[in-house]
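Reviewing the structure listed below.
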Amino acid sequence: ITKNITGVAASVITGNLTFPFTLTCPGTVGSPFSGTVTVNAGTLTGNSAVINVPAGATNCVILEGTQPTAPTNYTWGSPSYTQPPATLPASGTAAGTINNPLNLNPPNITVTKTITSAGIASPVQYLVTVTNSGGPGTYTLTDTPLLGSGVTLGTVTCANTTAPAAGGTPNCAGAAPYSLAAAGTAIAGGASHTYTVSIPFTVTNAVTPTVGSALCPVTTPTTNAGGLNNATTVTPNSGNAQTVNVCRDITPNAPVITVTKTITSAGIASPVQY
């Protein structure tokens, strides 16, 4: 029995792969017959040991057993068969073939976000992580500050902190949404890319202790403003876009209440007016 792996280069096969199979010949003594075939690392074809089948066996059918674990970022497709002749020869050999396609997994690109700075001091620091748990893919990544009303935004800076270097080139100039990775940014299967966003802010006296101002939004937080809210959207080349947010409540400025007093009446006549 010959085994062929299709759909990939031989370099994808980084370890030996052993496939069990059975050969079932109805009404034949000893049927079903069991065997294995191994495809060695760096190759795409293997051959089993000879299986001795009584002469005259008919309608023999090869069936593959449990497949070995596919190489990273690949999935086995359904096998196809070239079955032996309907009647095996009384002497000599007959052959059969099992073809196993390997399919590259689609990308599975997701994004997570955390605040890495302490407390509510300015600037607030965000860490954005893009992860691909599938096959190779590409993505677009944008970032949008959603600071509460009365909080003024300073000059935003951002950086790619992936090591070793990979991923997009952030551009946080101008108005939001800011580009952390342009469309078509490549990411390998199993890889992660990290970005930082630094947002200076000022809490003005217009900030109030309410949702949407000092307090984080409680509904649709990926689009509503409040506190130190910030949203990031990843759009992969395969699958759906994902938006995540992270937020921290802030404290409004304390009131500064003063009093002044003057005498408004003229001279020193009674009554005196204050």
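Naming scheme: A, B, ... for chains in displayed order of the structure tokens; residues 1 onward per chain; ligands 1 onward as shown.
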request  = Write out as number ranges by chain which residues come within 9 Å of segment 188-194 of chain A when counting only C-alpha atoms, dropping same-chain ones fewer than 4 positions away.
outcome  = A: 72-73, 105, 107-108, 127-138, 159-163, 165-168
request  = Can you check which residues of segment 69-174 of chain A DSSP gives as strand (DSSP E) on the backbone and send them as a ChimeraX atom specification?
outcome  = /A:74-76,80-82,97-104,109-115,124-132,137-147,151-153,157-160
task = Using only C-alpha atoms, determine which residues lie at most 8 Å from Thr232 of chain A, disregarding the query and same-chain residues fewer than 2 positions distant; provide the list as a ChimeraX atom specification.
result = /A:111,113,128,141-144,230,234,243-245
key: Neighbour list for Thr155 of chain A as a list of chain:residue names, cut-off 10 Å, only C-alpha atoms, skip fewer than 6 positions in-chain   = A:Pro123, A:Cys172, A:Ala173, A:Gly174, A:Ala175, A:Ser198, A:Ile199, A:Pro200, A:Phe201
Export C-alpha atoms of the chosen residues as a CSV table (one decimal), in the first residue's frame?
chain,number,residue,atom,x,y,z
A,123,PRO,CA,-0.7,59.6,30.3
A,172,CYS,CA,-1.1,58.0,15.7
A,173,ALA,CA,-0.9,61.4,14.1
A,174,GLY,CA,-4.0,63.4,13.4
A,175,ALA,CA,-7.5,62.4,14.4
A,198,SER,CA,0.0,56.3,25.2
A,199,ILE,CA,-2.7,58.9,25.7
A,200,PRO,CA,-2.1,62.1,27.7
A,201,PHE,CA,-5.2,63.7,29.1
remark   = note - atom CA of Pro221 of chain A and atom CA of Asn237 of chain A are separated by 24.9 Å
Tell me, as a CSV table (one decimal) with C-alpha atoms, in the first residue's frame, which residues lie within 6 Å of Asn229 of chain A, counting only C-alpha atoms; anything in the same chain fewer than 4 positions away does not count.
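Here's the written file part_38.csv:
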chain,number,residue,atom,x,y,z
A,146,LEU,CA,-13.3,57.3,24.0
A,147,LEU,CA,-12.5,59.6,26.8
A,246,VAL,CA,-10.7,48.7,28.3
A,247,CYS,CA,-11.7,51.5,30.6
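For segment 31-48 of chain A, the list of residues within 8 Å, based on only C-alpha atoms and with local chain neighbours fewer than 6 positions off taken out, reads Ile1, Thr2, Lys3, Asn4, Ile5, Thr6, Ala9, Ala10, Ser11, Val12, Ile13, Thr14, Gly15, Asn16, Leu17, Thr18, Phe19, Pro20, Phe21, Thr22, Leu23, Thr24 and Cys25 of chain A.
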What lies within 12 Å of segment 88-95 of chain A using only C-alpha atoms, ignoring chain neighbours under 4 positions off, as a PDB file with all heavy atoms, in the first residue's frame?
ATOM      1  N   ILE A   1       0.851  -1.173   0.000  1.00  0.00           N
ATOM      2  CA  ILE A   1       0.000   0.000   0.000  1.00  0.00           C
ATOM      3  C   ILE A   1       0.898   1.239   0.000  1.00  0.00           C
ATOM      4  O   ILE A   1       1.792   1.361   0.835  1.00  0.00           O
ATOM      5  CB  ILE A   1      -0.919   0.028   1.227  1.00  0.00           C
ATOM      6  CG1 ILE A   1      -1.738  -1.244   1.313  1.00  0.00           C
ATOM      7  CG2 ILE A   1      -1.829   1.260   1.183  1.00  0.00           C
ATOM      8  CD1 ILE A   1      -2.647  -1.511   0.146  1.00  0.00           C
ATOM      9  N   THR A   2       0.625   2.158  -0.918  1.00  0.00           N
ATOM     10  CA  THR A   2       1.389   3.404  -1.023  1.00  0.00           C
ATOM     11  C   THR A   2       0.578   4.546  -0.422  1.00  0.00           C
ATOM     12  O   THR A   2      -0.630   4.657  -0.658  1.00  0.00           O
ATOM     13  CB  THR A   2       1.715   3.723  -2.489  1.00  0.00           C
ATOM     14  OG1 THR A   2       2.533   2.677  -3.018  1.00  0.00           O
ATOM     15  CG2 THR A   2       2.462   5.042  -2.601  1.00  0.00           C
ATOM     16  N   LYS A   3       1.258   5.359   0.356  1.00  0.00           N
ATOM     17  CA  LYS A   3       0.635   6.546   0.958  1.00  0.00           C
ATOM     18  C   LYS A   3       1.240   7.787   0.320  1.00  0.00           C
ATOM     19  O   LYS A   3       2.459   7.944   0.256  1.00  0.00           O
ATOM     20  CB  LYS A   3       0.895   6.556   2.455  1.00  0.00           C
ATOM     21  CG  LYS A   3       0.667   7.870   3.153  1.00  0.00           C
ATOM     22  CD  LYS A   3      -0.790   8.200   3.285  1.00  0.00           C
ATOM     23  CE  LYS A   3      -1.480   7.200   4.183  1.00  0.00           C
ATOM     24  NZ  LYS A   3      -2.903   7.531   4.379  1.00  0.00           N
ATOM     25  N   LEU A  23      -7.126  -3.876   5.291  1.00  0.00           N
ATOM     26  CA  LEU A  23      -7.487  -4.395   3.975  1.00  0.00           C
ATOM     27  C   LEU A  23      -8.518  -5.487   4.213  1.00  0.00           C
ATOM     28  O   LEU A  23      -8.203  -6.542   4.780  1.00  0.00           O
ATOM     29  CB  LEU A  23      -6.260  -4.948   3.249  1.00  0.00           C
ATOM     30  CG  LEU A  23      -6.507  -5.528   1.855  1.00  0.00           C
ATOM     31  CD1 LEU A  23      -6.922  -4.437   0.878  1.00  0.00           C
ATOM     32  CD2 LEU A  23      -5.258  -6.266   1.349  1.00  0.00           C
ATOM     33  N   CYS A  25     -11.124  -8.186   2.801  1.00  0.00           N
ATOM     34  CA  CYS A  25     -11.449  -9.001   1.638  1.00  0.00           C
ATOM     35  C   CYS A  25     -12.576  -9.953   2.053  1.00  0.00           C
ATOM     36  O   CYS A  25     -12.322 -10.968   2.745  1.00  0.00           O
ATOM     37  CB  CYS A  25     -10.236  -9.807   1.170  1.00  0.00           C
ATOM     38  SG  CYS A  25      -8.783  -8.796   0.794  1.00  0.00           S
ATOM     39  N   THR A  28     -12.629 -13.994   2.888  1.00  0.00           N
ATOM     40  CA  THR A  28     -11.254 -14.491   2.819  1.00  0.00           C
ATOM     41  C   THR A  28     -10.743 -14.771   4.227  1.00  0.00           C
ATOM     42  O   THR A  28     -10.917 -13.939   5.130  1.00  0.00           O
ATOM     43  CB  THR A  28     -10.342 -13.474   2.122  1.00  0.00           C
ATOM     44  OG1 THR A  28     -10.816 -13.253   0.794  1.00  0.00           O
ATOM     45  CG2 THR A  28      -8.904 -13.966   2.075  1.00  0.00           C
ATOM     46  N   ASN A  47       5.610   3.614   1.789  1.00  0.00           N
ATOM     47  CA  ASN A  47       5.070   2.311   1.370  1.00  0.00           C
ATOM     48  C   ASN A  47       5.011   1.369   2.563  1.00  0.00           C
ATOM     49  O   ASN A  47       5.922   1.339   3.400  1.00  0.00           O
ATOM     50  CB  ASN A  47       5.935   1.692   0.269  1.00  0.00           C
ATOM     51  CG  ASN A  47       5.859   2.480  -1.028  1.00  0.00           C
ATOM     52  OD1 ASN A  47       4.844   2.462  -1.711  1.00  0.00           O
ATOM     53  ND2 ASN A  47       6.945   3.169  -1.359  1.00  0.00           N
ATOM     54  N   SER A  48       3.947   0.599   2.626  1.00  0.00           N
ATOM     55  CA  SER A  48       3.797  -0.362   3.714  1.00  0.00           C
ATOM     56  C   SER A  48       4.614  -1.611   3.428  1.00  0.00           C
ATOM     57  O   SER A  48       5.081  -1.831   2.302  1.00  0.00           O
ATOM     58  CB  SER A  48       2.325  -0.746   3.879  1.00  0.00           C
ATOM     59  OG  SER A  48       1.909  -1.575   2.800  1.00  0.00           O
ATOM     60  N   ALA A  49       4.763  -2.427   4.458  1.00  0.00           N
ATOM     61  CA  ALA A  49       5.313  -3.764   4.262  1.00  0.00           C
ATOM     62  C   ALA A  49       4.298  -4.587   3.467  1.00  0.00           C
ATOM     63  O   ALA A  49       3.100  -4.268   3.420  1.00  0.00           O
ATOM     64  CB  ALA A  49       5.599  -4.417   5.605  1.00  0.00           C
ATOM     65  N   VAL A  50       4.780  -5.640   2.855  1.00  0.00           N
ATOM     66  CA  VAL A  50       3.905  -6.524   2.072  1.00  0.00           C
ATOM     67  C   VAL A  50       2.892  -7.183   2.996  1.00  0.00           C
ATOM     68  O   VAL A  50       3.222  -7.637   4.099  1.00  0.00           O
ATOM     69  CB  VAL A  50       4.736  -7.584   1.332  1.00  0.00           C
ATOM     70  CG1 VAL A  50       3.831  -8.629   0.685  1.00  0.00           C
ATOM     71  CG2 VAL A  50       5.617  -6.928   0.281  1.00  0.00           C
ATOM     72  N   ILE A  51       1.637  -7.238   2.556  1.00  0.00           N
ATOM     73  CA  ILE A  51       0.577  -7.931   3.287  1.00  0.00           C
ATOM     74  C   ILE A  51       0.259  -9.215   2.516  1.00  0.00           C
ATOM     75  O   ILE A  51      -0.096  -9.166   1.323  1.00  0.00           O
ATOM     76  CB  ILE A  51      -0.689  -7.060   3.405  1.00  0.00           C
ATOM     77  CG1 ILE A  51      -0.357  -5.780   4.179  1.00  0.00           C
ATOM     78  CG2 ILE A  51      -1.817  -7.823   4.066  1.00  0.00           C
ATOM     79  CD1 ILE A  51      -1.494  -4.799   4.217  1.00  0.00           C
ATOM     80  N   ASN A  52       0.391 -10.346   3.164  1.00  0.00           N
ATOM     81  CA  ASN A  52       0.124 -11.623   2.512  1.00  0.00           C
ATOM     82  C   ASN A  52      -1.367 -11.934   2.561  1.00  0.00           C
ATOM     83  O   ASN A  52      -1.958 -12.064   3.633  1.00  0.00           O
ATOM     84  CB  ASN A  52       0.912 -12.742   3.191  1.00  0.00           C
ATOM     85  CG  ASN A  52       2.415 -12.575   2.999  1.00  0.00           C
ATOM     86  OD1 ASN A  52       2.874 -12.324   1.891  1.00  0.00           O
ATOM     87  ND2 ASN A  52       3.177 -12.698   4.075  1.00  0.00           N
ATOM     88  N   VAL A  53      -1.953 -12.032   1.384  1.00  0.00           N
ATOM     89  CA  VAL A  53      -3.384 -12.295   1.248  1.00  0.00           C
ATOM     90  C   VAL A  53      -3.547 -13.584   0.428  1.00  0.00           C
ATOM     91  O   VAL A  53      -2.870 -13.766  -0.591  1.00  0.00           O
ATOM     92  CB  VAL A  53      -4.079 -11.120   0.536  1.00  0.00           C
ATOM     93  CG1 VAL A  53      -5.569 -11.403   0.353  1.00  0.00           C
ATOM     94  CG2 VAL A  53      -3.866  -9.835   1.314  1.00  0.00           C
ATOM     95  N   PRO A  54      -4.439 -14.463   0.854  1.00  0.00           N
ATOM     96  CA  PRO A  54      -4.646 -15.707   0.091  1.00  0.00           C
ATOM     97  C   PRO A  54      -5.008 -15.426  -1.366  1.00  0.00           C
ATOM     98  O   PRO A  54      -5.739 -14.476  -1.666  1.00  0.00           O
ATOM     99  CB  PRO A  54      -5.798 -16.397   0.826  1.00  0.00           C
ATOM    100  CG  PRO A  54      -5.709 -15.877   2.225  1.00  0.00           C
ATOM    101  CD  PRO A  54      -5.241 -14.458   2.084  1.00  0.00           C
ATOM    102  N   ALA A  55      -4.476 -16.246  -2.245  1.00  0.00           N
ATOM    103  CA  ALA A  55      -4.758 -16.094  -3.672  1.00  0.00           C
ATOM    104  C   ALA A  55      -6.247 -16.217  -3.927  1.00  0.00           C
ATOM    105  O   ALA A  55      -6.961 -16.974  -3.266  1.00  0.00           O
ATOM    106  CB  ALA A  55      -3.996 -17.158  -4.464  1.00  0.00           C
ATOM    107  N   GLY A  56      -6.697 -15.429  -4.907  1.00  0.00           N
ATOM    108  CA  GLY A  56      -8.093 -15.497  -5.295  1.00  0.00           C
ATOM    109  C   GLY A  56      -9.009 -14.606  -4.490  1.00  0.00           C
ATOM    110  O   GLY A  56     -10.221 -14.580  -4.743  1.00  0.00           O
ATOM    111  N   ALA A  57      -8.493 -13.881  -3.507  1.00  0.00           N
ATOM    112  CA  ALA A  57      -9.329 -12.974  -2.727  1.00  0.00           C
ATOM    113  C   ALA A  57      -9.938 -11.926  -3.658  1.00  0.00           C
ATOM    114  O   ALA A  57      -9.312 -11.477  -4.620  1.00  0.00           O
ATOM    115  CB  ALA A  57      -8.513 -12.304  -1.646  1.00  0.00           C
ATOM    116  N   THR A  58     -11.191 -11.559  -3.398  1.00  0.00           N
ATOM    117  CA  THR A  58     -11.886 -10.639  -4.280  1.00  0.00           C
ATOM    118  C   THR A  58     -12.452  -9.455  -3.491  1.00  0.00           C
ATOM    119  O   THR A  58     -12.691  -9.529  -2.290  1.00  0.00           O
ATOM    120  CB  THR A  58     -13.043 -11.337  -5.005  1.00  0.00           C
ATOM    121  OG1 THR A  58     -13.952 -11.870  -4.040  1.00  0.00           O
ATOM    122  CG2 THR A  58     -12.524 -12.461  -5.893  1.00  0.00           C
ATOM    123  N   ASN A  59     -12.662  -8.388  -4.231  1.00  0.00           N
ATOM    124  CA  ASN A  59     -13.319  -7.189  -3.701  1.00  0.00           C
ATOM    125  C   ASN A  59     -12.656  -6.654  -2.422  1.00  0.00           C
ATOM    126  O   ASN A  59     -13.331  -6.240  -1.476  1.00  0.00           O
ATOM    127  CB  ASN A  59     -14.799  -7.458  -3.454  1.00  0.00           C
ATOM    128  CG  ASN A  59     -15.528  -7.859  -4.722  1.00  0.00           C
ATOM    129  OD1 ASN A  59     -15.321  -7.276  -5.784  1.00  0.00           O
ATOM    130  ND2 ASN A  59     -16.368  -8.886  -4.622  1.00  0.00           N
ATOM    131  N   CYS A  60     -11.346  -6.698  -2.417  1.00  0.00           N
ATOM    132  CA  CYS A  60     -10.612  -6.199  -1.247  1.00  0.00           C
ATOM    133  C   CYS A  60     -10.676  -4.665  -1.207  1.00  0.00           C
ATOM    134  O   CYS A  60     -10.541  -3.994  -2.233  1.00  0.00           O
ATOM    135  CB  CYS A  60      -9.158  -6.646  -1.295  1.00  0.00           C
ATOM    136  SG  CYS A  60      -8.967  -8.446  -1.167  1.00  0.00           S
ATOM    137  N   VAL A  61     -10.891  -4.133  -0.006  1.00  0.00           N
ATOM    138  CA  VAL A  61     -11.057  -2.692   0.160  1.00  0.00           C
ATOM    139  C   VAL A  61     -10.091  -2.180   1.226  1.00  0.00           C
ATOM    140  O   VAL A  61     -10.046  -2.712   2.342  1.00  0.00           O
ATOM    141  CB  VAL A  61     -12.509  -2.340   0.556  1.00  0.00           C
ATOM    142  CG1 VAL A  61     -12.631  -0.845   0.847  1.00  0.00           C
ATOM    143  CG2 VAL A  61     -13.469  -2.752  -0.540  1.00  0.00           C
ATOM    144  N   ILE A  62      -9.335  -1.143   0.867  1.00  0.00           N
ATOM    145  CA  ILE A  62      -8.445  -0.468   1.819  1.00  0.00           C
ATOM    146  C   ILE A  62      -9.254   0.578   2.583  1.00  0.00           C
ATOM    147  O   ILE A  62     -10.042   1.316   2.005  1.00  0.00           O
ATOM    148  CB  ILE A  62      -7.289   0.236   1.095  1.00  0.00           C
ATOM    149  CG1 ILE A  62      -6.534  -0.729   0.175  1.00  0.00           C
ATOM    150  CG2 ILE A  62      -6.336   0.897   2.091  1.00  0.00           C
ATOM    151  CD1 ILE A  62      -5.629  -0.010  -0.815  1.00  0.00           C
ATOM    152  N   TYR A  81      -8.822   6.897  -2.364  1.00  0.00           N
ATOM    153  CA  TYR A  81      -8.214   5.569  -2.497  1.00  0.00           C
ATOM    154  C   TYR A  81      -8.144   5.138  -3.952  1.00  0.00           C
ATOM    155  O   TYR A  81      -9.033   5.443  -4.756  1.00  0.00           O
ATOM    156  CB  TYR A  81      -9.035   4.525  -1.734  1.00  0.00           C
ATOM    157  CG  TYR A  81      -9.191   4.797  -0.263  1.00  0.00           C
ATOM    158  CD1 TYR A  81     -10.264   5.553   0.212  1.00  0.00           C
ATOM    159  CD2 TYR A  81      -8.291   4.295   0.675  1.00  0.00           C
ATOM    160  CE1 TYR A  81     -10.430   5.803   1.563  1.00  0.00           C
ATOM    161  CE2 TYR A  81      -8.457   4.531   2.030  1.00  0.00           C
ATOM    162  CZ  TYR A  81      -9.527   5.292   2.465  1.00  0.00           C
ATOM    163  OH  TYR A  81      -9.697   5.538   3.804  1.00  0.00           O
ATOM    164  N   THR A  82      -7.086   4.409  -4.272  1.00  0.00           N
ATOM    165  CA  THR A  82      -7.044   3.559  -5.453  1.00  0.00           C
ATOM    166  C   THR A  82      -7.028   2.128  -4.929  1.00  0.00           C
ATOM    167  O   THR A  82      -6.034   1.690  -4.319  1.00  0.00           O
ATOM    168  CB  THR A  82      -5.800   3.833  -6.310  1.00  0.00           C
ATOM    169  OG1 THR A  82      -5.816   5.211  -6.722  1.00  0.00           O
ATOM    170  CG2 THR A  82      -5.789   2.933  -7.530  1.00  0.00           C
ATOM    171  N   GLN A  83      -8.142   1.432  -5.075  1.00  0.00           N
ATOM    172  CA  GLN A  83      -8.274   0.097  -4.487  1.00  0.00           C
ATOM    173  C   GLN A  83      -7.537  -0.949  -5.332  1.00  0.00           C
ATOM    174  O   GLN A  83      -7.281  -0.738  -6.526  1.00  0.00           O
ATOM    175  CB  GLN A  83      -9.750  -0.269  -4.358  1.00  0.00           C
ATOM    176  CG  GLN A  83     -10.558   0.678  -3.490  1.00  0.00           C
ATOM    177  CD  GLN A  83     -10.169   0.611  -2.014  1.00  0.00           C
ATOM    178  OE1 GLN A  83      -9.397  -0.267  -1.588  1.00  0.00           O
ATOM    179  NE2 GLN A  83     -10.677   1.565  -1.222  1.00  0.00           N
ATOM    180  N   PRO A  84      -7.191  -2.081  -4.728  1.00  0.00           N
ATOM    181  CA  PRO A  84      -6.549  -3.163  -5.485  1.00  0.00           C
ATOM    182  C   PRO A  84      -7.505  -3.715  -6.550  1.00  0.00           C
ATOM    183  O   PRO A  84      -8.704  -3.417  -6.542  1.00  0.00           O
ATOM    184  CB  PRO A  84      -6.253  -4.214  -4.407  1.00  0.00           C
ATOM    185  CG  PRO A  84      -6.365  -3.494  -3.100  1.00  0.00           C
ATOM    186  CD  PRO A  84      -7.355  -2.406  -3.316  1.00  0.00           C
TER     187      PRO A  84
END
request  = Return the single residue from A:Val124, A:Ala214, A:Val29, A:Ala183 that is closest to Pro170 of chain A, with distances computed using only C-alpha atoms.
outcome  = A:Ala183
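Separating atom CA of Ala121 of chain A from atom CA of Cys216 of chain A is a distance of 16.1 Å.
In this comparison, which uses only C-alpha atoms, the residue of A:Thr208, A:Thr140, A:Ser122, A:Gly154 approaching Ser179 of chain A most closely is A:Thr140.
Checking A:Gly184, A:Thr251, A:Tyr139, A:Pro209 one by one against Thr110 of chain A, counting only C-alpha atoms, you find the shortest gap at A:Tyr139.
Remark: for Gly227 of chain A, the closest of the candidate residues A:Ala176, A:Ile109, A:Val211, A:Leu102 is A:Val211 (distances computed over only C-alpha atoms).
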